$ cat work.txt   # compact mmCIF, N, CA and C atoms
# COMPACT_ATOMS: atom_id res chain seq x y z
N MET F 1 81.50 58.69 -24.63
CA MET F 1 80.46 58.78 -25.65
C MET F 1 79.10 58.82 -24.95
N SER F 2 78.25 59.73 -25.35
CA SER F 2 76.95 59.85 -24.71
C SER F 2 76.03 58.69 -25.09
N CYS F 3 75.01 58.49 -24.27
CA CYS F 3 74.04 57.42 -24.51
C CYS F 3 73.33 57.60 -25.85
N ILE F 4 72.97 58.83 -26.19
CA ILE F 4 72.26 59.08 -27.44
C ILE F 4 73.15 58.74 -28.63
N MET F 5 74.43 59.05 -28.53
CA MET F 5 75.34 58.74 -29.65
C MET F 5 75.49 57.23 -29.84
N ARG F 6 75.38 56.46 -28.75
CA ARG F 6 75.47 55.00 -28.84
C ARG F 6 74.13 54.37 -29.20
N GLY F 7 73.05 55.15 -29.14
CA GLY F 7 71.75 54.63 -29.52
C GLY F 7 71.00 53.91 -28.41
N CYS F 8 71.34 54.17 -27.17
CA CYS F 8 70.65 53.48 -26.07
C CYS F 8 69.60 54.40 -25.45
N PHE F 9 68.47 54.49 -26.12
CA PHE F 9 67.37 55.29 -25.63
C PHE F 9 66.07 54.62 -26.04
N MET F 10 65.01 54.95 -25.35
CA MET F 10 63.72 54.35 -25.63
C MET F 10 63.05 55.11 -26.78
N VAL F 11 62.63 54.38 -27.77
CA VAL F 11 61.95 54.96 -28.92
C VAL F 11 60.47 54.61 -28.80
N ILE F 12 59.63 55.61 -28.77
CA ILE F 12 58.18 55.37 -28.68
C ILE F 12 57.58 55.25 -30.07
N ILE F 13 57.97 56.14 -30.96
CA ILE F 13 57.50 56.09 -32.34
C ILE F 13 58.65 55.54 -33.19
N HIS F 14 58.47 54.34 -33.72
CA HIS F 14 59.52 53.68 -34.50
C HIS F 14 59.69 54.34 -35.87
N ARG F 15 60.82 54.07 -36.48
CA ARG F 15 61.13 54.66 -37.78
C ARG F 15 60.08 54.28 -38.83
N ASP F 16 59.64 53.01 -38.82
CA ASP F 16 58.64 52.61 -39.82
C ASP F 16 57.33 53.35 -39.62
N THR F 17 57.00 53.66 -38.37
CA THR F 17 55.79 54.43 -38.10
C THR F 17 55.94 55.85 -38.60
N ASP F 18 57.09 56.44 -38.37
CA ASP F 18 57.39 57.78 -38.88
C ASP F 18 57.21 57.82 -40.40
N TYR F 19 57.76 56.82 -41.08
CA TYR F 19 57.65 56.77 -42.53
C TYR F 19 56.20 56.57 -42.97
N ALA F 20 55.44 55.76 -42.24
CA ALA F 20 54.03 55.55 -42.57
C ALA F 20 53.26 56.86 -42.47
N ILE F 21 53.53 57.62 -41.43
CA ILE F 21 52.86 58.91 -41.23
C ILE F 21 53.19 59.86 -42.38
N ARG F 22 54.46 59.94 -42.73
CA ARG F 22 54.90 60.83 -43.81
C ARG F 22 54.30 60.40 -45.16
N ALA F 23 54.29 59.09 -45.42
CA ALA F 23 53.73 58.60 -46.68
C ALA F 23 52.23 58.87 -46.75
N MET F 24 51.53 58.66 -45.64
CA MET F 24 50.09 58.90 -45.63
C MET F 24 49.78 60.39 -45.78
N ALA F 25 50.62 61.23 -45.21
CA ALA F 25 50.44 62.68 -45.38
C ALA F 25 50.60 63.06 -46.85
N ARG F 26 51.58 62.45 -47.52
CA ARG F 26 51.76 62.69 -48.97
C ARG F 26 50.57 62.19 -49.76
N LEU F 27 50.08 60.99 -49.40
CA LEU F 27 48.92 60.42 -50.08
C LEU F 27 47.72 61.35 -50.00
N ALA F 28 47.56 61.99 -48.86
CA ALA F 28 46.42 62.89 -48.67
C ALA F 28 46.43 64.03 -49.68
N GLY F 29 47.60 64.41 -50.14
CA GLY F 29 47.71 65.50 -51.11
C GLY F 29 47.61 65.05 -52.56
N CYS F 30 47.48 63.76 -52.77
CA CYS F 30 47.41 63.23 -54.14
C CYS F 30 45.96 63.18 -54.62
N GLU F 31 45.77 63.59 -55.84
CA GLU F 31 44.43 63.53 -56.42
C GLU F 31 44.14 62.16 -57.00
N ASP F 32 45.18 61.37 -57.19
CA ASP F 32 45.03 60.06 -57.80
C ASP F 32 45.89 59.06 -57.03
N VAL F 33 45.99 57.88 -57.55
CA VAL F 33 46.81 56.83 -56.95
C VAL F 33 48.27 57.26 -56.95
N ALA F 34 48.96 56.97 -55.84
CA ALA F 34 50.39 57.28 -55.74
C ALA F 34 51.16 55.98 -55.61
N SER F 35 52.18 55.83 -56.45
CA SER F 35 52.99 54.60 -56.41
C SER F 35 53.90 54.62 -55.18
N THR F 36 54.28 53.44 -54.76
CA THR F 36 55.21 53.33 -53.64
C THR F 36 56.53 54.03 -53.98
N ALA F 37 56.97 53.88 -55.22
CA ALA F 37 58.23 54.51 -55.63
C ALA F 37 58.16 56.03 -55.53
N SER F 38 57.04 56.62 -55.98
CA SER F 38 56.93 58.08 -55.92
C SER F 38 56.81 58.56 -54.47
N LEU F 39 56.09 57.80 -53.65
CA LEU F 39 56.00 58.16 -52.23
C LEU F 39 57.37 58.08 -51.57
N ALA F 40 58.08 56.98 -51.84
CA ALA F 40 59.41 56.79 -51.24
C ALA F 40 60.36 57.92 -51.63
N GLU F 41 60.32 58.30 -52.89
CA GLU F 41 61.19 59.38 -53.35
C GLU F 41 60.81 60.70 -52.68
N SER F 42 59.51 60.96 -52.54
CA SER F 42 59.07 62.24 -51.98
C SER F 42 59.39 62.40 -50.50
N ILE F 43 59.52 61.28 -49.79
CA ILE F 43 59.85 61.38 -48.35
C ILE F 43 61.24 60.85 -48.04
N ASN F 44 62.00 60.54 -49.12
CA ASN F 44 63.40 60.12 -48.98
C ASN F 44 63.56 58.86 -48.12
N VAL F 45 62.85 57.81 -48.53
CA VAL F 45 62.84 56.53 -47.82
C VAL F 45 63.14 55.43 -48.83
N PRO F 46 63.87 54.39 -48.44
CA PRO F 46 64.09 53.27 -49.36
C PRO F 46 62.76 52.64 -49.79
N VAL F 47 62.60 52.44 -51.08
CA VAL F 47 61.32 51.98 -51.62
C VAL F 47 60.92 50.60 -51.09
N ASP F 48 61.87 49.69 -50.93
CA ASP F 48 61.53 48.35 -50.43
C ASP F 48 61.04 48.40 -48.99
N PHE F 49 61.64 49.27 -48.20
CA PHE F 49 61.20 49.42 -46.81
C PHE F 49 59.79 50.02 -46.77
N LEU F 50 59.56 51.04 -47.58
CA LEU F 50 58.24 51.67 -47.60
C LEU F 50 57.18 50.70 -48.12
N ARG F 51 57.54 49.85 -49.05
CA ARG F 51 56.59 48.86 -49.58
C ARG F 51 56.06 47.99 -48.45
N LYS F 52 56.94 47.54 -47.56
CA LYS F 52 56.53 46.70 -46.42
C LYS F 52 55.64 47.49 -45.45
N ILE F 53 55.99 48.73 -45.25
CA ILE F 53 55.21 49.59 -44.35
C ILE F 53 53.80 49.81 -44.92
N MET F 54 53.74 50.08 -46.21
CA MET F 54 52.45 50.34 -46.85
C MET F 54 51.56 49.09 -46.83
N GLN F 55 52.17 47.92 -46.88
CA GLN F 55 51.39 46.69 -46.77
C GLN F 55 50.72 46.61 -45.40
N LYS F 56 51.42 47.04 -44.36
CA LYS F 56 50.83 47.05 -43.01
C LYS F 56 49.63 47.99 -42.93
N VAL F 57 49.78 49.21 -43.43
CA VAL F 57 48.66 50.15 -43.34
C VAL F 57 47.53 49.78 -44.29
N ASN F 58 47.86 49.05 -45.33
CA ASN F 58 46.83 48.52 -46.23
C ASN F 58 46.02 47.45 -45.50
N ARG F 59 46.70 46.51 -44.85
CA ARG F 59 46.00 45.47 -44.08
C ARG F 59 45.14 46.06 -42.98
N ALA F 60 45.58 47.18 -42.43
CA ALA F 60 44.83 47.83 -41.36
C ALA F 60 43.63 48.61 -41.89
N GLY F 61 43.56 48.80 -43.20
CA GLY F 61 42.43 49.50 -43.80
C GLY F 61 42.57 51.01 -43.85
N LEU F 62 43.78 51.52 -43.61
CA LEU F 62 43.99 52.97 -43.67
C LEU F 62 44.20 53.44 -45.10
N VAL F 63 44.77 52.57 -45.92
CA VAL F 63 44.97 52.87 -47.34
C VAL F 63 44.42 51.70 -48.15
N GLU F 64 44.21 51.96 -49.43
CA GLU F 64 43.79 50.89 -50.33
C GLU F 64 44.87 50.72 -51.39
N SER F 65 45.18 49.47 -51.65
CA SER F 65 46.15 49.14 -52.68
C SER F 65 45.44 49.02 -54.02
N VAL F 66 45.98 49.68 -55.03
CA VAL F 66 45.45 49.61 -56.39
C VAL F 66 46.49 48.89 -57.23
N ARG F 67 46.12 47.77 -57.80
CA ARG F 67 47.05 46.96 -58.58
C ARG F 67 47.13 47.44 -60.03
N GLY F 68 48.18 47.00 -60.69
CA GLY F 68 48.32 47.31 -62.11
C GLY F 68 49.52 48.17 -62.40
N PRO F 69 49.77 48.43 -63.68
CA PRO F 69 50.95 49.20 -64.07
C PRO F 69 50.93 50.64 -63.54
N PHE F 70 49.76 51.16 -63.29
CA PHE F 70 49.65 52.52 -62.72
C PHE F 70 49.11 52.44 -61.30
N GLY F 71 49.40 51.33 -60.63
CA GLY F 71 48.89 51.08 -59.29
C GLY F 71 49.66 51.85 -58.23
N GLY F 72 49.22 51.66 -57.02
CA GLY F 72 49.82 52.32 -55.87
C GLY F 72 48.83 52.31 -54.73
N TYR F 73 48.72 53.44 -54.07
CA TYR F 73 47.86 53.53 -52.88
C TYR F 73 47.03 54.81 -52.89
N ILE F 74 45.89 54.70 -52.21
CA ILE F 74 45.04 55.86 -51.93
C ILE F 74 44.59 55.76 -50.47
N LEU F 75 44.33 56.91 -49.85
CA LEU F 75 43.80 56.91 -48.49
C LEU F 75 42.37 56.39 -48.49
N MET F 76 42.02 55.62 -47.48
CA MET F 76 40.66 55.08 -47.38
C MET F 76 39.69 56.05 -46.70
N ARG F 77 40.24 56.97 -45.89
CA ARG F 77 39.40 57.93 -45.18
C ARG F 77 40.02 59.31 -45.31
N GLU F 78 39.24 60.30 -44.97
CA GLU F 78 39.75 61.67 -44.96
C GLU F 78 40.82 61.81 -43.87
N PRO F 79 41.83 62.65 -44.10
CA PRO F 79 42.91 62.82 -43.12
C PRO F 79 42.42 63.23 -41.72
N GLU F 80 41.33 63.99 -41.67
CA GLU F 80 40.83 64.40 -40.35
C GLU F 80 40.15 63.26 -39.60
N ASP F 81 39.94 62.12 -40.28
CA ASP F 81 39.31 60.96 -39.65
C ASP F 81 40.31 59.85 -39.31
N ILE F 82 41.59 60.13 -39.48
CA ILE F 82 42.64 59.15 -39.17
C ILE F 82 43.48 59.73 -38.04
N THR F 83 43.56 59.02 -36.93
CA THR F 83 44.33 59.53 -35.79
C THR F 83 45.76 58.99 -35.80
N LEU F 84 46.62 59.74 -35.18
CA LEU F 84 48.00 59.32 -35.02
C LEU F 84 48.05 58.00 -34.23
N HIS F 85 47.17 57.87 -33.26
CA HIS F 85 47.12 56.64 -32.46
C HIS F 85 46.85 55.42 -33.33
N GLU F 86 45.91 55.56 -34.27
CA GLU F 86 45.61 54.46 -35.19
C GLU F 86 46.84 54.06 -36.00
N ILE F 87 47.50 55.05 -36.56
CA ILE F 87 48.66 54.76 -37.40
C ILE F 87 49.74 54.07 -36.58
N VAL F 88 50.04 54.63 -35.40
CA VAL F 88 51.07 54.05 -34.54
C VAL F 88 50.76 52.59 -34.23
N GLU F 89 49.55 52.32 -33.77
CA GLU F 89 49.23 50.95 -33.37
C GLU F 89 49.10 50.01 -34.56
N ASP F 90 48.68 50.52 -35.71
CA ASP F 90 48.58 49.66 -36.89
C ASP F 90 49.96 49.28 -37.43
N VAL F 91 50.93 50.14 -37.25
CA VAL F 91 52.27 49.85 -37.77
C VAL F 91 53.12 49.09 -36.76
N GLN F 92 53.11 49.51 -35.51
CA GLN F 92 54.04 48.91 -34.55
C GLN F 92 53.37 48.14 -33.43
N GLY F 93 52.05 48.10 -33.40
CA GLY F 93 51.35 47.36 -32.35
C GLY F 93 50.97 48.27 -31.19
N PRO F 94 50.29 47.71 -30.21
CA PRO F 94 49.81 48.51 -29.09
C PRO F 94 50.93 49.19 -28.32
N LEU F 95 50.68 50.42 -27.90
CA LEU F 95 51.63 51.14 -27.06
C LEU F 95 51.49 50.64 -25.63
N ARG F 96 52.58 50.16 -25.07
CA ARG F 96 52.57 49.70 -23.69
C ARG F 96 53.80 50.25 -22.99
N MET F 97 53.58 50.80 -21.82
CA MET F 97 54.70 51.35 -21.06
C MET F 97 55.56 50.24 -20.45
N ASN F 98 54.95 49.08 -20.23
CA ASN F 98 55.68 47.95 -19.67
C ASN F 98 55.00 46.67 -20.12
N ALA F 99 55.77 45.59 -20.21
CA ALA F 99 55.22 44.32 -20.67
C ALA F 99 54.10 43.81 -19.75
N CYS F 100 54.16 44.15 -18.47
CA CYS F 100 53.15 43.66 -17.53
C CYS F 100 51.77 44.27 -17.81
N PHE F 101 51.72 45.34 -18.58
CA PHE F 101 50.42 45.92 -18.93
C PHE F 101 49.68 45.02 -19.92
N ALA F 102 50.43 44.36 -20.77
CA ALA F 102 49.83 43.46 -21.74
C ALA F 102 49.58 42.08 -21.14
N ASP F 103 50.43 41.67 -20.20
CA ASP F 103 50.29 40.36 -19.57
C ASP F 103 50.65 40.47 -18.09
N PRO F 104 49.65 40.70 -17.23
CA PRO F 104 49.90 40.89 -15.79
C PRO F 104 50.61 39.71 -15.13
N GLU F 105 50.55 38.53 -15.72
CA GLU F 105 51.21 37.36 -15.13
C GLU F 105 52.73 37.42 -15.23
N LEU F 106 53.24 38.37 -16.01
CA LEU F 106 54.69 38.53 -16.14
C LEU F 106 55.33 39.08 -14.87
N CYS F 107 54.52 39.69 -14.02
CA CYS F 107 55.07 40.37 -12.84
C CYS F 107 54.34 39.90 -11.58
N GLU F 108 55.11 39.51 -10.59
CA GLU F 108 54.51 39.06 -9.33
C GLU F 108 53.91 40.21 -8.53
N ASN F 109 54.27 41.45 -8.88
CA ASN F 109 53.73 42.61 -8.18
C ASN F 109 52.51 43.21 -8.86
N SER F 110 52.09 42.61 -9.95
CA SER F 110 50.96 43.14 -10.70
C SER F 110 49.73 43.27 -9.81
N GLY F 111 49.06 44.39 -9.95
CA GLY F 111 47.85 44.65 -9.16
C GLY F 111 48.11 45.41 -7.88
N GLU F 112 49.36 45.40 -7.41
CA GLU F 112 49.69 46.13 -6.19
C GLU F 112 50.96 46.94 -6.34
N CYS F 113 51.20 47.39 -7.55
CA CYS F 113 52.45 48.08 -7.88
C CYS F 113 52.18 49.56 -8.14
N ALA F 114 52.79 50.41 -7.32
CA ALA F 114 52.63 51.86 -7.49
C ALA F 114 53.21 52.32 -8.82
N LEU F 115 54.31 51.71 -9.24
CA LEU F 115 54.93 52.07 -10.52
C LEU F 115 53.99 51.74 -11.67
N GLN F 116 53.33 50.60 -11.57
CA GLN F 116 52.39 50.21 -12.62
C GLN F 116 51.25 51.23 -12.71
N ASP F 117 50.78 51.70 -11.58
CA ASP F 117 49.72 52.71 -11.58
C ASP F 117 50.19 54.01 -12.25
N MET F 118 51.39 54.46 -11.89
CA MET F 118 51.90 55.70 -12.46
C MET F 118 52.17 55.56 -13.95
N LEU F 119 52.81 54.46 -14.34
CA LEU F 119 53.08 54.25 -15.76
C LEU F 119 51.79 54.03 -16.54
N GLY F 120 50.79 53.46 -15.89
CA GLY F 120 49.47 53.32 -16.52
C GLY F 120 48.88 54.68 -16.84
N ASP F 121 49.08 55.64 -15.93
CA ASP F 121 48.60 57.00 -16.18
C ASP F 121 49.33 57.62 -17.38
N VAL F 122 50.65 57.40 -17.46
CA VAL F 122 51.43 57.92 -18.58
C VAL F 122 50.92 57.31 -19.89
N GLU F 123 50.73 56.00 -19.88
CA GLU F 123 50.25 55.32 -21.09
C GLU F 123 48.88 55.86 -21.51
N GLU F 124 48.01 56.06 -20.54
CA GLU F 124 46.67 56.59 -20.82
C GLU F 124 46.74 57.99 -21.41
N LYS F 125 47.60 58.84 -20.85
CA LYS F 125 47.74 60.21 -21.35
C LYS F 125 48.34 60.23 -22.75
N LEU F 126 49.33 59.37 -22.99
CA LEU F 126 49.94 59.30 -24.31
C LEU F 126 48.90 58.83 -25.34
N SER F 127 48.16 57.79 -25.01
CA SER F 127 47.12 57.29 -25.91
C SER F 127 46.07 58.35 -26.19
N SER F 128 45.67 59.05 -25.16
CA SER F 128 44.67 60.10 -25.31
C SER F 128 45.18 61.23 -26.20
N TYR F 129 46.44 61.61 -25.99
CA TYR F 129 47.03 62.66 -26.82
C TYR F 129 47.07 62.22 -28.28
N LEU F 130 47.54 61.00 -28.53
CA LEU F 130 47.64 60.50 -29.90
C LEU F 130 46.27 60.36 -30.55
N ASP F 131 45.26 60.07 -29.76
CA ASP F 131 43.88 60.02 -30.27
C ASP F 131 43.39 61.40 -30.72
N GLY F 132 43.95 62.44 -30.12
CA GLY F 132 43.53 63.80 -30.42
C GLY F 132 44.28 64.44 -31.58
N VAL F 133 45.28 63.75 -32.11
CA VAL F 133 46.05 64.28 -33.24
C VAL F 133 45.65 63.51 -34.49
N THR F 134 45.22 64.24 -35.51
CA THR F 134 44.81 63.59 -36.75
C THR F 134 45.89 63.73 -37.82
N LEU F 135 45.74 62.95 -38.85
CA LEU F 135 46.64 63.07 -40.00
C LEU F 135 46.55 64.49 -40.57
N GLN F 136 45.37 65.07 -40.54
CA GLN F 136 45.20 66.45 -41.03
C GLN F 136 46.02 67.43 -40.20
N ASP F 137 46.06 67.23 -38.88
CA ASP F 137 46.87 68.08 -38.02
C ASP F 137 48.35 68.01 -38.41
N ILE F 138 48.80 66.81 -38.71
CA ILE F 138 50.19 66.60 -39.10
C ILE F 138 50.48 67.27 -40.44
N ILE F 139 49.56 67.10 -41.38
CA ILE F 139 49.71 67.75 -42.70
C ILE F 139 49.80 69.26 -42.53
N ARG F 140 48.94 69.81 -41.71
CA ARG F 140 48.94 71.25 -41.45
C ARG F 140 50.30 71.69 -40.90
N ARG F 141 50.85 70.90 -39.98
CA ARG F 141 52.15 71.23 -39.39
C ARG F 141 53.25 71.17 -40.44
N PHE F 142 53.23 70.14 -41.29
CA PHE F 142 54.21 70.04 -42.38
C PHE F 142 54.13 71.27 -43.26
N GLU F 143 52.91 71.70 -43.60
CA GLU F 143 52.72 72.88 -44.46
C GLU F 143 53.24 74.13 -43.80
N GLU F 144 53.01 74.29 -42.49
CA GLU F 144 53.50 75.46 -41.76
C GLU F 144 55.03 75.47 -41.75
N ASP F 145 55.62 74.29 -41.53
CA ASP F 145 57.09 74.20 -41.47
C ASP F 145 57.74 74.47 -42.82
N ASN F 146 57.02 74.20 -43.91
CA ASN F 146 57.58 74.39 -45.25
C ASN F 146 57.21 75.73 -45.88
N SER F 147 56.53 76.59 -45.12
CA SER F 147 56.16 77.90 -45.71
C SER F 147 57.07 79.00 -45.24
$ encode --input "work.txt" --output "structure tokens"
Amino acid sequence: MSCIMRGCFMVIIHRDTDYAIRAMARLAGCEDVASTASLAESINVPVDFLRKIMQKVNRAGLVESVRGPFGGYILMREPEDITLHEIVEDVQGPLRMNACFADPELCENSGECALQDMLGDVEEKLSSYLDGVTLQDIIRRFEEDNS
């Protein structure tokens, strides 16, 4: 059995982050408040799971929660002003290539490690790339794929 079939691979973008991106892309197309249930149905995600995800992006200030019988969520900023990097870090926390990047005391080789330098470059490039991709870019790609 291959490694991928057993699920032993590194995931950079978690499933909840993927769902947050998809839900926010749907929100961008809404003229009014969108309920969690309608968002969940439109992106084929369990509503209870999406509810927890939306609470995270609400706390981060990317969306606003509207209470009441016709409540739901709205985007707080224009899609071109929200980066993929923001969404990723707001949902799953800071992107780190290795634990020693967050806490150098975890590794006795910290500060003199060639691997740390190289992985630091990878982390920097990934962060930079994600900073350059906006929610609007993702929406545009979804539209191209569905046309």
$ select_by_dssp --input "work.txt" --residues "segment 19-125 of chain F" --states "strand (DSSP E or B)" --output "ChimeraX atom specification"
/F:34,63-66,72-75,83
$ residues_around --input "work.txt" --residues "segment 52-63 of chain F" --least-positions-apart "2" --cutoff "5 Å" --atoms "only N, CA and C atoms" --output "PDB file with N, CA and C atoms, keeping the file's coordinate frame"
ATOM      1  N   ASP F  48      61.870  49.690 -50.930  1.00  0.00           N
ATOM      2  CA  ASP F  48      61.530  48.350 -50.430  1.00  0.00           C
ATOM      3  C   ASP F  48      61.040  48.400 -48.990  1.00  0.00           C
ATOM      4  N   PHE F  49      61.640  49.270 -48.200  1.00  0.00           N
ATOM      5  CA  PHE F  49      61.200  49.420 -46.810  1.00  0.00           C
ATOM      6  C   PHE F  49      59.790  50.020 -46.770  1.00  0.00           C
ATOM      7  N   LEU F  50      59.560  51.040 -47.580  1.00  0.00           N
ATOM      8  CA  LEU F  50      58.240  51.670 -47.600  1.00  0.00           C
ATOM      9  C   LEU F  50      57.180  50.700 -48.120  1.00  0.00           C
ATOM     10  N   SER F  65      45.180  49.470 -51.650  1.00  0.00           N
ATOM     11  CA  SER F  65      46.150  49.140 -52.680  1.00  0.00           C
ATOM     12  C   SER F  65      45.440  49.020 -54.020  1.00  0.00           C
ATOM     13  N   ILE F  74      45.890  54.700 -52.210  1.00  0.00           N
ATOM     14  CA  ILE F  74      45.040  55.860 -51.930  1.00  0.00           C
ATOM     15  C   ILE F  74      44.590  55.760 -50.470  1.00  0.00           C
ATOM     16  N   LEU F  75      44.330  56.910 -49.850  1.00  0.00           N
ATOM     17  CA  LEU F  75      43.800  56.910 -48.490  1.00  0.00           C
ATOM     18  C   LEU F  75      42.370  56.390 -48.490  1.00  0.00           C
ATOM     19  N   MET F  76      42.020  55.620 -47.480  1.00  0.00           N
ATOM     20  CA  MET F  76      40.660  55.080 -47.380  1.00  0.00           C
ATOM     21  C   MET F  76      39.690  56.050 -46.700  1.00  0.00           C
TER      22      MET F  76
END
$ residues_near_point --input "work.txt" --point "(48.1, 52.4, -56.7)" --cutoff "6 Å" --atoms "only C-alpha atoms" --output "ChimeraX atom specification"
/F:33-35,65-67,71-73
$ write_last_selection --input "work.txt" --atoms "N, CA and C atoms" --output "PDB file, in the frame of the given file"
ATOM      1  N   VAL F  33      45.990  57.880 -57.550  1.00  0.00           N
ATOM      2  CA  VAL F  33      46.810  56.830 -56.950  1.00  0.00           C
ATOM      3  C   VAL F  33      48.270  57.260 -56.950  1.00  0.00           C
ATOM      4  N   ALA F  34      48.960  56.970 -55.840  1.00  0.00           N
ATOM      5  CA  ALA F  34      50.390  57.280 -55.740  1.00  0.00           C
ATOM      6  C   ALA F  34      51.160  55.980 -55.610  1.00  0.00           C
ATOM      7  N   SER F  35      52.180  55.830 -56.450  1.00  0.00           N
ATOM      8  CA  SER F  35      52.990  54.600 -56.410  1.00  0.00           C
ATOM      9  C   SER F  35      53.900  54.620 -55.180  1.00  0.00           C
ATOM     10  N   SER F  65      45.180  49.470 -51.650  1.00  0.00           N
ATOM     11  CA  SER F  65      46.150  49.140 -52.680  1.00  0.00           C
ATOM     12  C   SER F  65      45.440  49.020 -54.020  1.00  0.00           C
ATOM     13  N   VAL F  66      45.980  49.680 -55.030  1.00  0.00           N
ATOM     14  CA  VAL F  66      45.450  49.610 -56.390  1.00  0.00           C
ATOM     15  C   VAL F  66      46.490  48.890 -57.230  1.00  0.00           C
ATOM     16  N   ARG F  67      46.120  47.770 -57.800  1.00  0.00           N
ATOM     17  CA  ARG F  67      47.050  46.960 -58.580  1.00  0.00           C
ATOM     18  C   ARG F  67      47.130  47.440 -60.030  1.00  0.00           C
ATOM     19  N   GLY F  71      49.400  51.330 -60.630  1.00  0.00           N
ATOM     20  CA  GLY F  71      48.890  51.080 -59.290  1.00  0.00           C
ATOM     21  C   GLY F  71      49.660  51.850 -58.230  1.00  0.00           C
ATOM     22  N   GLY F  72      49.220  51.660 -57.020  1.00  0.00           N
ATOM     23  CA  GLY F  72      49.820  52.320 -55.870  1.00  0.00           C
ATOM     24  C   GLY F  72      48.830  52.310 -54.730  1.00  0.00           C
ATOM     25  N   TYR F  73      48.720  53.440 -54.070  1.00  0.00           N
ATOM     26  CA  TYR F  73      47.860  53.530 -52.880  1.00  0.00           C
ATOM     27  C   TYR F  73      47.030  54.810 -52.890  1.00  0.00           C
TER      28      TYR F  73
END
$ closest_residue --input "work.txt" --among "F:Glu144, F:Asp32, F:Asp90, F:Asp81" --to "Ala20 of chain F" --atoms "only C-alpha atoms"
F:Asp90
$ residues_around --input "work.txt" --residues "Gln92 of chain F" --least-positions-apart "5" --cutoff "8 Å" --atoms "all atoms listed in the file" --output "PDB file with N, CA and C atoms, in the frame of the given file"
ATOM      1  N   HIS F  14      58.470  54.340 -33.720  1.00  0.00           N
ATOM      2  CA  HIS F  14      59.520  53.680 -34.500  1.00  0.00           C
ATOM      3  C   HIS F  14      59.690  54.340 -35.870  1.00  0.00           C
ATOM      4  N   ASP F  16      59.640  53.010 -38.820  1.00  0.00           N
ATOM      5  CA  ASP F  16      58.640  52.610 -39.820  1.00  0.00           C
ATOM      6  C   ASP F  16      57.330  53.350 -39.620  1.00  0.00           C
ATOM      7  N   THR F  17      57.000  53.660 -38.370  1.00  0.00           N
ATOM      8  CA  THR F  17      55.790  54.430 -38.100  1.00  0.00           C
ATOM      9  C   THR F  17      55.940  55.850 -38.600  1.00  0.00           C
ATOM     10  N   GLU F  86      45.910  55.560 -34.270  1.00  0.00           N
ATOM     11  CA  GLU F  86      45.610  54.460 -35.190  1.00  0.00           C
ATOM     12  C   GLU F  86      46.840  54.060 -36.000  1.00  0.00           C
ATOM     13  N   ILE F  87      47.500  55.050 -36.560  1.00  0.00           N
ATOM     14  CA  ILE F  87      48.660  54.760 -37.400  1.00  0.00           C
ATOM     15  C   ILE F  87      49.740  54.070 -36.580  1.00  0.00           C
TER      16      ILE F  87
END
$ closest_atom_pairs --input "work.txt" --of "segment 66-97 of chain F" --to "segment 117-131 of chain F" --cutoff "8 Å" --atoms "only N, CA and C atoms" --output "Markdown table"
| residue | atom | partner | partner_atom | distance |
| --- | --- | --- | --- | --- |
| F:Ile82 | C | F:Asp131 | C | 7.5 |
| F:Thr83 | C | F:Leu130 | C | 5.4 |
| F:Leu84 | N | F:Leu130 | C | 4.7 |
| F:His85 | N | F:Leu130 | C | 3.8 |
| F:Glu86 | N | F:Leu130 | C | 6.1 |
| F:Leu95 | C | F:Glu123 | CA | 6.6 |
| F:Arg96 | C | F:Glu123 | CA | 6.5 |
| F:Met97 | N | F:Glu123 | CA | 5.7 |
